[in-house]
Amino acid sequence: MHVTVIGTGIVGACTALELLRDGHEVTMIEPEEPGGRQAASYGHGCWISPASVVPMSMPGLWKQVPGYLLNPDGPLVIRWKYIAKLLPWLTRFLLAGSTLPRVERTAKALATLLKDSPERHVALAESIAHPELIQREGLLYAYPDRSAFEQERPAWHLRRLTGLRWQELDEAALRAREPALSDHYRFGVLASAGAHCIDPGRYVSALVAEAIKSGARLVKAKATGFLFENGRLEAVNTDKGKIACDRAVIAAGIWSKELARMAGDRIPLESERGYHGVISVTAGGPDHPVMPSDGRMANTPTAQGLRLSGQVELATVDTPPNWKRVDILLDHARKTYSGLQYVGEIPVDRWMGHRPSTPDGLPVIGPASRSSQVIYAFGHGHIGFASGPMTGRLVADLVSGRPPERDLEPFSPRRF
């Protein structure tokens, strides 16, 4: 069949490759450069982690909402100005994490997309002749002490429930792993199964290039809707004209919401705006990916420098960036690594982007209500990069009419 894939972020790129492997004709639609700064997959924290099964919304979170509204420097910020618009999403968000059974179901569903994500990315990078872009060095969580770790027991319970195993490090072992960490950190958890990408933008660009090399076509256009005739999909409408096709996949990240509405579904999709700053370290930085527990930020060595990424800011897509969020990341890095030295006074790269997030923390994967010829693959929130290969495989299963490799019921568009 001829399949159009709308979006060339990590999910769209992986989907295109899987469809090509199944023998389909593929057209990718993307208004900007694949792997470019406009995509969430460009700016994420670089982690490929089976541990990312913990949803943002957990029991008791509702008690912290006033603090998120009042503290402009916290790791999660809700801008007052947009609270009315975000209230329906926030209500569902808090409800989704209101009980332990609910978050356990969410974690188990996320694990089906994440449990073998490092292995899938390693194989994918090797298949496009760029094995160096995926590194399997494990992922380290650093804590001030064991009691700080114990306070996060609910999160680690979910990780253990979904099969993750880890190594606990005392102060000596933690210092041996990461000598640059300040004396503030005396306990660590090493998830050795994890991996990271040293250049997400280049990786996604290389995946799209491989798809083109394998026969896909890239159309530089913006998808604007669909042409249906007697209930059947005939074409994808774009600002450059119609593209006739047999199937269409919506993998456009935060921009998928309006396209899904045109395909018959109102999906509660909002932007969890994330930030990163990249600094060129000359001394005193980490040798491996680290997440300091009190900063809620990924510190990851990359090809461009040390990427400091994190923050969750709930606001509208068109709200101007608040670059103070990057300053907060940099300030925390100075405290995390007491001997940190880097070039310049500010990060060499400051980025803000949109994590496409549903209130229940699960992506939307499945056929549209108006026509099963339109398939959704968006809303991955914090796990889009890691789960890209598995999502691509599941979409290819749907297109080809095979039983999906994993259970898709938790990701159904109809759950809303």
# chains A, B, ... in the order shown; residues from 1 in each chain; ligands from 1

$ closest_atom_pairs --of "region 326-412 of chain A" --to "region 4-28 of chain A" --cutoff "7 Å" --atoms "only C-alpha atoms" --output "Markdown table"
| residue | atom | partner | partner_atom | distance |
| --- | --- | --- | --- | --- |
| A:Gly384 | CA | A:Val11 | CA | 6.9 |
| A:Phe385 | CA | A:Ile10 | CA | 5.9 |
| A:Gly388 | CA | A:Val11 | CA | 4.5 |
| A:Pro389 | CA | A:Cys14 | CA | 5.4 |
| A:Thr391 | CA | A:Val11 | CA | 6.7 |
| A:Gly392 | CA | A:Thr15 | CA | 3.8 |
| A:Arg393 | CA | A:Glu18 | CA | 5.9 |
| A:Val395 | CA | A:Thr15 | CA | 6.6 |
| A:Ala396 | CA | A:Leu19 | CA | 5.4 |

$ write_last_selection --atoms "C-alpha atoms" --output "PDB file, in the first residue's frame"
ATOM      1  CA  GLY A 384       8.768   9.241  22.782  1.00  0.00           C
ATOM      2  CA  PHE A 385      12.439   8.820  21.968  1.00  0.00           C
ATOM      3  CA  GLY A 388      10.029   5.130  18.917  1.00  0.00           C
ATOM      4  CA  PRO A 389      11.201   1.759  17.509  1.00  0.00           C
ATOM      5  CA  THR A 391       5.787   2.253  18.243  1.00  0.00           C
ATOM      6  CA  GLY A 392       6.941   2.049  14.631  1.00  0.00           C
ATOM      7  CA  ARG A 393       6.663  -1.733  14.740  1.00  0.00           C
ATOM      8  CA  VAL A 395       1.960   0.872  13.542  1.00  0.00           C
ATOM      9  CA  ALA A 396       3.403  -1.324  10.801  1.00  0.00           C
TER      10      ALA A 396
END

$ residues_around --residues "region 85-101 of chain A" --least-positions-apart "5" --cutoff "10 Å" --atoms "only C-alpha atoms" --output "VMD selection string"
chain A and resid 55 to 62 65 78 to 80 106 to 107 154 158 268 to 270 314 to 316 357 to 361 416

$ write_last_selection --atoms "C-alpha atoms" --output "PDB file, in the first residue's frame"
ATOM      1  CA  PRO A  55       3.929   8.437  35.206  1.00  0.00           C
ATOM      2  CA  MET A  56       4.113  12.124  36.023  1.00  0.00           C
ATOM      3  CA  SER A  57       0.875  11.867  37.985  1.00  0.00           C
ATOM      4  CA  MET A  58       1.279   9.832  41.166  1.00  0.00           C
ATOM      5  CA  PRO A  59      -0.878   9.418  44.302  1.00  0.00           C
ATOM      6  CA  GLY A  60      -0.795  12.545  46.443  1.00  0.00           C
ATOM      7  CA  LEU A  61       0.371  14.832  43.629  1.00  0.00           C
ATOM      8  CA  TRP A  62      -2.737  17.004  43.993  1.00  0.00           C
ATOM      9  CA  VAL A  65      -0.360  21.698  42.848  1.00  0.00           C
ATOM     10  CA  ILE A  78       2.045  25.721  35.915  1.00  0.00           C
ATOM     11  CA  ARG A  79       1.691  29.224  34.523  1.00  0.00           C
ATOM     12  CA  TRP A  80      -1.183  31.003  36.251  1.00  0.00           C
ATOM     13  CA  THR A 106      -0.023   2.784  33.515  1.00  0.00           C
ATOM     14  CA  ALA A 107       3.471   1.560  34.348  1.00  0.00           C
ATOM     15  CA  PRO A 154       6.669   4.309  45.092  1.00  0.00           C
ATOM     16  CA  LEU A 158       6.700   0.560  39.753  1.00  0.00           C
ATOM     17  CA  PRO A 268      -6.791  15.794  25.301  1.00  0.00           C
ATOM     18  CA  LEU A 269      -3.244  16.531  24.187  1.00  0.00           C
ATOM     19  CA  GLU A 270      -1.235  19.346  25.782  1.00  0.00           C
ATOM     20  CA  LEU A 314       2.499  23.647  31.536  1.00  0.00           C
ATOM     21  CA  ALA A 315       1.449  26.461  29.218  1.00  0.00           C
ATOM     22  CA  THR A 316       0.117  26.868  25.696  1.00  0.00           C
ATOM     23  CA  SER A 357       1.323  14.624  26.585  1.00  0.00           C
ATOM     24  CA  THR A 358      -1.971  12.992  27.408  1.00  0.00           C
ATOM     25  CA  PRO A 359      -3.389  13.325  30.944  1.00  0.00           C
ATOM     26  CA  ASP A 360      -3.069   9.606  31.704  1.00  0.00           C
ATOM     27  CA  GLY A 361       0.583   9.466  30.628  1.00  0.00           C
ATOM     28  CA  PHE A 416     -10.984   9.327  26.300  1.00  0.00           C
TER      29      PHE A 416
END

$ select_by_dssp --residues "region 97-252 of chain A" --states "helix (DSSP H, G or I)" --output "MDAnalysis selection string"
chainID A and resid 100:114 117:127 131:133 146:150 153:161 171:177 200:213

$ atom_distance --atom1 "CA of His354 (chain A)" --atom2 "CA of Gly305 (chain A)"
22.0 Å

$ residues_around --residues "Ile375 (chain A)" --least-positions-apart "3" --cutoff "9 Å" --atoms "only C-alpha atoms" --output "PDB file with C-alpha atoms, in the first residue's frame"
ATOM      1  CA  ARG A 247      -3.208   4.778   4.702  1.00  0.00           C
ATOM      2  CA  ALA A 248      -2.064   7.747   6.760  1.00  0.00           C
ATOM      3  CA  VAL A 249      -0.132   7.772  10.036  1.00  0.00           C
ATOM      4  CA  ILE A 250      -0.344  10.827  12.309  1.00  0.00           C
ATOM      5  CA  ALA A 251       2.998  11.074  14.107  1.00  0.00           C
ATOM      6  CA  ILE A 365      -1.635   4.336  19.148  1.00  0.00           C
ATOM      7  CA  GLY A 366      -4.465   2.957  17.063  1.00  0.00           C
ATOM      8  CA  PRO A 367      -6.986   3.661  14.298  1.00  0.00           C
ATOM      9  CA  ALA A 368      -9.001   6.860  14.058  1.00  0.00           C
ATOM     10  CA  SER A 371     -11.595   5.743   9.289  1.00  0.00           C
ATOM     11  CA  SER A 372      -9.335   2.867  10.269  1.00  0.00           C
ATOM     12  CA  VAL A 395       1.960   0.872  13.542  1.00  0.00           C
ATOM     13  CA  LEU A 398      -1.748  -2.279  12.119  1.00  0.00           C
ATOM     14  CA  VAL A 399      -1.138  -1.177   8.535  1.00  0.00           C
TER      15      VAL A 399
END

$ closest_residue --among "A:Pro320, A:Pro404, A:Gly231, A:Pro363" --to "Ser387 (chain A)" --atoms "only C-alpha atoms"
A:Pro363

$ closest_residue --among "A:Ala142, A:Leu362, A:Ala191, A:Ala298" --to "Lys108 (chain A)" --atoms "only C-alpha atoms"
A:Leu362

$ residues_around --residues "Ala40 (chain A)" --least-positions-apart "5" --cutoff "12 Å" --atoms "only C-alpha atoms" --output "ChimeraX atom specification"
/A:7-11,34-35,45-46,200-201,204,251-255,271-276,309,351-357,378-385

$ closest_residue --among "A:Ser205, A:Ser49, A:Ser369, A:Gln64" --to "Ile128 (chain A)" --atoms "only C-alpha atoms"
A:Ser205

$ select_by_dssp --residues "region 237-275 of chain A" --states "strand (DSSP E)" --output "number ranges by chain"
A: 237-238, 241-244, 247-250, 270-275

$ residues_around --residues "Cys197 (chain A)" --least-positions-apart "5" --cutoff "8 Å" --atoms "only C-alpha atoms" --output "list in words"
Cys46, Trp47, Ile48, Leu133, Ile134, Gln135, Tyr203 and Thr302 of chain A

$ residues_around --residues "Leu76 (chain A)" --least-positions-apart "3" --cutoff "8 Å" --atoms "only C-alpha atoms" --output "PyMOL selection string"
chain A and resi 68+311-314
